[in-house]
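Student: Structure file work_15.cif, mmCIF, C-alpha atoms, is pasted below:
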data_work
#
loop_
_atom_site.label_atom_id
_atom_site.label_comp_id
_atom_site.auth_asym_id
_atom_site.auth_seq_id
_atom_site.Cartn_x
_atom_site.Cartn_y
_atom_site.Cartn_z
CA MET A 1 115.57 95.99 103.76
CA THR A 2 114.08 92.99 105.46
CA GLY A 3 110.79 91.29 104.79
CA GLU A 4 109.66 91.91 108.33
CA PHE A 5 107.75 94.83 109.75
CA HIS A 6 107.23 95.46 113.43
CA THR A 7 105.10 98.02 115.20
CA GLN A 8 103.34 98.32 118.53
CA VAL A 9 100.73 100.31 120.36
CA ARG A 10 99.77 100.64 124.01
CA ILE A 11 96.10 100.26 124.91
CA ALA A 12 94.45 101.13 128.21
CA ALA A 13 92.77 97.74 128.60
CA THR A 14 93.67 94.20 129.62
CA PRO A 15 94.71 91.54 127.07
CA GLU A 16 91.41 89.78 127.82
CA GLN A 17 89.57 92.92 126.77
CA VAL A 18 91.66 93.49 123.64
CA PHE A 19 91.86 89.97 122.22
CA PRO A 20 88.21 89.73 121.04
CA TYR A 21 88.85 92.68 118.74
CA LEU A 22 91.34 90.52 116.86
CA VAL A 23 89.11 87.51 116.27
CA GLU A 24 85.45 88.48 116.58
CA PRO A 25 84.31 89.62 113.11
CA ASP A 26 81.97 92.31 114.40
CA GLN A 27 84.78 93.88 116.41
CA LEU A 28 87.49 93.26 113.84
CA VAL A 29 85.78 95.17 111.06
CA ARG A 30 85.46 98.21 113.28
CA TRP A 31 89.20 98.85 112.99
CA MET A 32 90.21 96.93 109.85
CA GLY A 33 88.31 95.94 106.76
CA THR A 34 84.63 95.66 105.98
CA ASP A 35 83.93 91.93 106.21
CA ALA A 36 85.51 89.16 108.23
CA ILE A 37 85.09 85.43 108.62
CA VAL A 38 87.10 84.01 111.48
CA ASP A 39 87.11 80.49 112.82
CA PRO A 40 88.89 81.10 116.13
CA ARG A 41 91.03 78.01 116.50
CA THR A 42 94.39 76.83 115.21
CA GLY A 43 93.92 75.93 111.57
CA GLY A 44 90.69 77.92 111.30
CA ARG A 45 89.89 80.47 108.62
CA TYR A 46 90.92 84.09 108.89
CA ASP A 47 89.38 85.87 105.92
CA LEU A 48 89.00 89.61 105.58
CA VAL A 49 87.98 92.17 103.03
CA VAL A 50 90.25 95.18 103.41
CA ASN A 51 90.18 98.10 101.02
CA GLY A 52 87.87 96.09 98.82
CA LEU A 53 90.36 93.25 98.44
CA GLY A 54 90.03 89.74 99.74
CA ILE A 55 92.60 88.52 102.22
CA SER A 56 92.43 84.78 102.70
CA GLY A 57 94.32 83.22 105.55
CA HIS A 58 94.20 80.79 108.37
CA VAL A 59 95.02 80.84 112.03
CA GLU A 60 98.47 79.42 112.75
CA VAL A 61 98.55 80.14 116.46
CA TYR A 62 95.44 80.73 118.57
CA ASP A 63 96.46 81.42 122.15
CA PRO A 64 94.01 83.85 123.75
CA PRO A 65 94.51 86.35 125.22
CA LYS A 66 98.24 86.38 124.56
CA ARG A 67 99.04 85.62 120.96
CA LEU A 68 97.53 85.30 117.50
CA VAL A 69 99.37 84.34 114.31
CA VAL A 70 97.52 84.35 111.01
CA THR A 71 98.66 83.94 107.42
CA TRP A 72 98.18 87.01 105.27
CA GLY A 73 97.83 87.03 101.52
CA TYR A 74 95.60 88.44 98.83
CA ILE A 75 93.25 86.38 96.68
CA ASP A 76 94.37 86.41 93.04
CA SER A 77 97.63 88.13 93.89
CA PRO A 78 100.62 86.24 92.51
CA ASP A 79 102.80 88.75 94.33
CA LEU A 80 101.45 88.35 97.86
CA PRO A 81 99.16 85.31 97.59
CA PRO A 82 97.41 83.58 100.48
CA GLY A 83 100.01 81.99 102.74
CA ALA A 84 102.84 84.21 101.50
CA SER A 85 103.19 86.20 104.69
CA THR A 86 102.19 86.01 108.34
CA VAL A 87 100.95 88.55 110.84
CA GLU A 88 101.71 87.90 114.50
CA ILE A 89 100.02 89.88 117.25
CA VAL A 90 101.30 89.53 120.81
CA LEU A 91 99.46 91.05 123.76
CA THR A 92 101.53 91.70 126.87
CA PRO A 93 99.98 93.12 130.04
CA ASP A 94 101.77 96.09 131.54
CA GLY A 95 100.03 97.26 134.68
CA ALA A 96 96.49 98.20 133.71
CA GLU A 97 97.49 98.45 130.07
CA THR A 98 98.36 96.11 127.24
CA ILE A 99 101.25 96.38 124.81
CA VAL A 100 100.08 95.20 121.41
CA GLU A 101 102.98 94.14 119.21
CA LEU A 102 102.43 93.36 115.55
CA THR A 103 104.98 91.70 113.28
CA HIS A 104 104.27 91.18 109.60
CA ARG A 105 106.72 88.67 108.11
CA GLY A 106 107.24 87.68 104.50
CA LEU A 107 106.84 91.16 102.99
CA ASP A 108 110.00 90.80 101.00
CA ASN A 109 109.48 91.55 97.38
CA ARG A 110 112.99 90.49 96.46
CA GLN A 111 112.15 86.92 97.27
CA ARG A 112 109.63 86.87 94.46
CA ARG A 113 111.48 87.84 91.32
CA ASP A 114 108.84 86.23 89.16
CA HIS A 115 105.90 88.04 90.63
CA ARG A 116 103.05 89.18 88.43
CA VAL A 117 102.06 92.52 89.93
CA GLY A 118 98.80 91.35 91.42
CA TRP A 119 99.56 94.03 93.97
CA LEU A 120 98.73 96.69 91.37
CA HIS A 121 95.09 95.95 91.97
CA TRP A 122 95.18 96.79 95.62
CA LEU A 123 97.68 99.58 95.16
CA GLU A 124 94.98 101.41 93.28
CA ARG A 125 92.62 100.95 96.20
CA LEU A 126 95.20 102.25 98.62
CA ARG A 127 96.22 105.25 96.62
CA ILE A 128 93.98 107.63 98.51
CA ALA A 129 95.59 106.71 101.79
CA GLY A 130 98.96 106.98 100.13
CA THR A 131 98.44 110.64 99.41
CA GLY A 132 98.18 111.32 103.11
CA GLY A 133 94.48 112.05 102.88
CA ASP A 134 91.68 110.37 104.74
CA PRO A 135 90.75 107.24 102.79
CA GLY A 136 87.35 107.18 104.46
CA PRO A 137 85.55 103.91 105.08
CA ASP A 138 86.64 100.84 103.18
CA THR A 139 84.91 100.35 99.88
CA PRO A 140 82.30 97.61 99.73
CA PRO A 141 83.60 94.13 98.99
CA PRO A 142 83.73 92.99 95.38
CA PRO A 143 81.31 90.29 94.28
CA PRO A 144 82.56 86.80 95.20
CA MET B 1 106.28 108.20 114.40
CA THR B 2 103.40 107.26 112.21
CA GLY B 3 103.50 110.39 110.11
CA THR B 4 99.77 110.29 109.54
CA HIS B 5 99.30 113.82 110.79
CA GLY B 6 101.16 117.04 110.32
CA ALA B 7 103.90 117.29 107.75
CA LEU B 8 103.76 114.69 105.02
CA GLU B 9 106.68 112.35 105.57
CA GLU B 10 106.65 110.27 102.44
CA PRO B 11 109.71 109.22 100.50
CA PRO B 12 109.71 111.09 97.18
CA GLU B 13 110.13 107.79 95.33
CA LEU B 14 106.61 106.84 96.37
CA THR B 15 105.09 109.84 94.61
CA VAL B 16 107.12 109.05 91.50
CA LEU B 17 106.05 105.42 91.69
CA PHE B 18 102.36 106.20 92.09
CA GLY B 19 102.65 108.71 89.28
CA ALA B 20 104.13 106.15 86.91
CA LEU B 21 101.39 103.67 87.79
CA ALA B 22 98.53 106.13 87.47
CA GLU B 23 98.15 105.42 83.75
CA PRO B 24 96.18 102.21 83.08
CA HIS B 25 97.91 101.34 79.81
CA ARG B 26 101.24 101.67 81.55
CA ARG B 27 100.06 99.27 84.26
CA GLN B 28 99.09 96.83 81.54
CA VAL B 29 102.59 97.05 80.08
CA LEU B 30 103.98 96.34 83.53
CA ARG B 31 101.67 93.37 84.02
CA LEU B 32 102.86 91.86 80.76
CA VAL B 33 106.56 92.30 81.39
CA ALA B 34 106.11 91.06 84.96
CA ALA B 35 104.52 87.87 83.69
CA ARG B 36 107.43 87.25 81.30
CA GLU B 37 110.02 89.11 79.31
CA HIS B 38 108.82 90.92 76.21
CA THR B 39 110.28 92.79 73.28
CA VAL B 40 108.65 96.04 72.20
CA GLY B 41 107.27 94.26 69.16
CA GLU B 42 105.62 91.59 71.30
CA LEU B 43 104.06 94.24 73.51
CA VAL B 44 102.76 96.13 70.49
CA THR B 45 101.13 92.94 69.23
CA GLU B 46 99.62 91.94 72.55
CA LEU B 47 98.32 95.39 73.37
CA GLY B 48 97.28 96.39 69.89
CA ALA B 49 98.89 99.75 70.60
CA ARG B 50 101.18 101.99 68.61
CA GLN B 51 104.88 101.32 69.01
CA SER B 52 105.54 104.93 69.98
CA ALA B 53 103.04 104.68 72.82
CA VAL B 54 104.48 101.41 74.08
CA SER B 55 108.00 102.79 73.94
CA GLN B 56 106.93 105.84 75.89
CA HIS B 57 105.35 103.68 78.61
CA LEU B 58 108.50 101.57 78.81
CA LYS B 59 110.61 104.68 79.15
CA VAL B 60 108.55 105.93 82.09
CA LEU B 61 108.62 102.51 83.77
CA ARG B 62 112.39 102.29 83.28
CA ASP B 63 112.93 105.79 84.62
CA VAL B 64 111.21 104.90 87.91
CA GLY B 65 113.01 101.57 88.15
CA LEU B 66 110.03 99.26 87.62
CA VAL B 67 111.32 97.83 84.35
CA GLU B 68 114.78 96.97 83.07
CA VAL B 69 116.07 96.05 79.66
CA ARG B 70 118.68 93.61 78.47
CA ALA B 71 120.16 93.01 75.05
CA GLU B 72 120.09 89.67 73.30
CA GLY B 73 121.77 90.00 69.98
CA ASN B 74 119.94 92.78 68.19
CA ARG B 75 116.89 92.44 70.37
CA ARG B 76 116.11 94.53 73.41
CA ILE B 77 114.14 92.56 75.94
CA TYR B 78 112.17 94.16 78.74
CA ARG B 79 111.35 92.66 82.12
CA SER B 80 110.00 93.91 85.40
CA ARG B 81 112.29 94.91 88.22
CA PRO B 82 110.66 93.93 91.53
CA GLU B 83 113.13 95.96 93.60
CA GLY B 84 111.42 99.00 92.13
CA LEU B 85 108.43 98.15 94.27
CA GLU B 86 110.23 98.57 97.58
CA PRO B 87 108.71 102.01 98.28
CA PHE B 88 105.31 100.42 97.83
CA TYR B 89 106.10 97.61 100.25
CA ASP B 90 107.29 100.22 102.73
CA PHE B 91 103.96 101.93 102.29
CA VAL B 92 102.10 98.69 103.05
CA ARG B 93 104.15 98.24 106.20
CA GLU B 94 103.34 101.76 107.27
CA LEU B 95 99.61 101.03 107.22
CA TRP B 96 99.87 98.86 110.32
CA PRO B 97 100.61 101.66 112.82
CA ALA B 98 97.50 103.51 111.70
CA ARG B 99 95.42 100.34 112.03
CA LEU B 100 96.71 99.67 115.53
CA GLU B 101 95.93 103.23 116.51
CA ALA B 102 92.39 102.69 115.27
CA LEU B 103 92.20 99.50 117.35
CA ARG B 104 93.40 101.37 120.41
CA ASP B 105 90.88 104.16 119.94
CA ILE B 106 87.98 101.75 119.52
CA VAL B 107 88.88 99.56 122.49
CA GLU B 108 89.42 102.52 124.77
CA SER B 109 86.26 104.20 123.55
CA ASP B 110 84.25 101.05 124.22
CA LEU B 111 85.66 100.74 127.70
CA GLY B 112 84.94 104.39 128.33
CA ARG B 113 81.32 103.82 127.39
CA ARG B 114 81.20 100.96 129.82
CA GLY B 115 82.46 103.23 132.55
CA GLN B 116 85.73 101.39 133.05
CA ARG B 117 87.77 104.36 132.03
CA ARG B 118 87.76 108.06 132.92
#
Kindly present the structure from the file in structure tokens form.
Tutor:
Amino acid sequence: MTGEFHTQVRIAATPEQVFPYLVEPDQLVRWMGTDAIVDPRTGGRYDLVVNGLGISGHVEVYDPPKRLVVTWGYIDSPDLPPGASTVEIVLTPDGAETIVELTHRGLDNRQRRDHRVGWLHWLERLRIAGTGGDPGPDTPPPPP
Amino acid sequence: MTGTHGALEEPPELTVLFGALAEPHRRQVLRLVAAREHTVGELVTELGARQSAVSQHLKVLRDVGLVEVRAEGNRRIYRSRPEGLEPFYDFVRELWPARLEALRDIVESDLGRRGQRR
């Protein structure tokens, strides 16, 4: 078991066409989360509400249309707090298509023996998806 | 190999794990022992629950590997066992393929509407 997860998908579009969906809030929330605040520059904010839980991060690498690295952690989660992990998305053109590679690093629970199960909160939100059913749209964000 | 359609390809541990965590009082026991080690007596005091109920929750959490116990003299001390969460972390990882598929579908749909595809 490593703390790294990698997956990829092939999209019939150019990297220039895909990249805005990663950083423009209106486009981002169409495929992930319900609210987004993104300051598209290195060091800028990358905040999302996904499954009703706040993800607070910042942009580590902003290199459109090729690469985006953001920190990924949950507000009030001692287990996976803001800054605890990173998500890297690399867009590579392949003919008329783009290979989208995603690597989530830092998802290694063993590194955090003293965690405090903040994850239980979002586990409950994710349970519907975990049963293999359709989770439907994300729940509305909690009050700030 | 996203396993989001067709036969359900979940590790059985995940079902056991979700089952153990479905009970809110049991989650509260887990929160407490994850914050720091506790004896049964300390948990009973903090939760204001019956000892039999607390012991039953601890048994379930131990059976699924979320909690472990160690002896210190006559005392039995309970603590969380983060390795027990690995199936859950696997589950989190598995969400990404579905998200990327959603991204693909939206981008390609948008381009189709703009007449750049099909």
Student: Let me make sure I understand: among B:Pro87, B:Pro82, B:Pro24, B:Gly112, which one has the smallest atom-to-atom distance to chain A if we use all atoms listed in the file?
Tutor: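 The answer is B:Pro82, which sits nearest to chain A.
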Student: Show which residues sit within 9 Å of stretch 20-30 of chain A, as a ChimeraX atom specification. Count only C-alpha atoms, and ignore same-chain residues fewer than 5 positions away.
Tutor: /A:35-40,46,48-50,64-65,68,89 /B:102-103,106-107
Student: Based on all atoms listed in the file, which of the residues in chain B come within 7 Å of chain A? I want them as a PDB file with C-alpha atoms, keeping the file's coordinate frame.
Tutor:
ATOM      1  CA  THR B   4      99.770 110.290 109.540  1.00  0.00           C
ATOM      2  CA  LEU B   8     103.760 114.690 105.020  1.00  0.00           C
ATOM      3  CA  ARG B  31     101.670  93.370  84.020  1.00  0.00           C
ATOM      4  CA  ALA B  34     106.110  91.060  84.960  1.00  0.00           C
ATOM      5  CA  ALA B  35     104.520  87.870  83.690  1.00  0.00           C
ATOM      6  CA  PRO B  82     110.660  93.930  91.530  1.00  0.00           C
ATOM      7  CA  GLU B  83     113.130  95.960  93.600  1.00  0.00           C
ATOM      8  CA  ARG B  93     104.150  98.240 106.200  1.00  0.00           C
ATOM      9  CA  PRO B  97     100.610 101.660 112.820  1.00  0.00           C
ATOM     10  CA  ARG B  99      95.420 100.340 112.030  1.00  0.00           C
ATOM     11  CA  LEU B 100      96.710  99.670 115.530  1.00  0.00           C
ATOM     12  CA  GLU B 101      95.930 103.230 116.510  1.00  0.00           C
ATOM     13  CA  ALA B 102      92.390 102.690 115.270  1.00  0.00           C
ATOM     14  CA  LEU B 103      92.200  99.500 117.350  1.00  0.00           C
ATOM     15  CA  ARG B 104      93.400 101.370 120.410  1.00  0.00           C
ATOM     16  CA  VAL B 107      88.880  99.560 122.490  1.00  0.00           C
ATOM     17  CA  GLU B 108      89.420 102.520 124.770  1.00  0.00           C
TER      18      GLU B 108
END
Student: Applying 9 Å and all atoms listed in the file, which residues near B:Leu61 remain after dropping the ones on its own chain fewer than 2 positions away? List them as number ranges by chain.
Tutor: B: 17, 20-21, 26, 29-30, 56-59, 63-68, 80
Student: In the coordinates of the file, take the point (97.2, 87.3, 112.9) and a cut-off of 7 Å; then, counting only C-alpha atoms, name each qualifying protein, DNA or RNA residue as a PyMOL selection string.
Tutor: chain A and resi 59+68-71+86-89
Student: Given all atoms listed in the file as the basis, pick out the residue of A:Ala96, A:Pro15, A:Gly83, A:Val90 nearest to A:Arg45.
Tutor: A:Gly83
Student: Quote the spacing between atom CA of A:Thr42 and atom CA of A:Asp63 in Å to one decimal place.
Tutor: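 Distance between the two atoms: 8.6 Å.
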Student: Mind giving me the straight-line distance from atom CA of A:Asn51 to atom CA of B:Phe18 in Å, one decimal?
Tutor: 17.1 Å
Student: What would the selection look like, as a PyMOL selection string, if the PyMOL selection byres ((chain B and resi 37-40) around 8) were run on the coordinates I just shared?
Tutor: chain B and resi 32-36+41-44+51+54-55+75-80
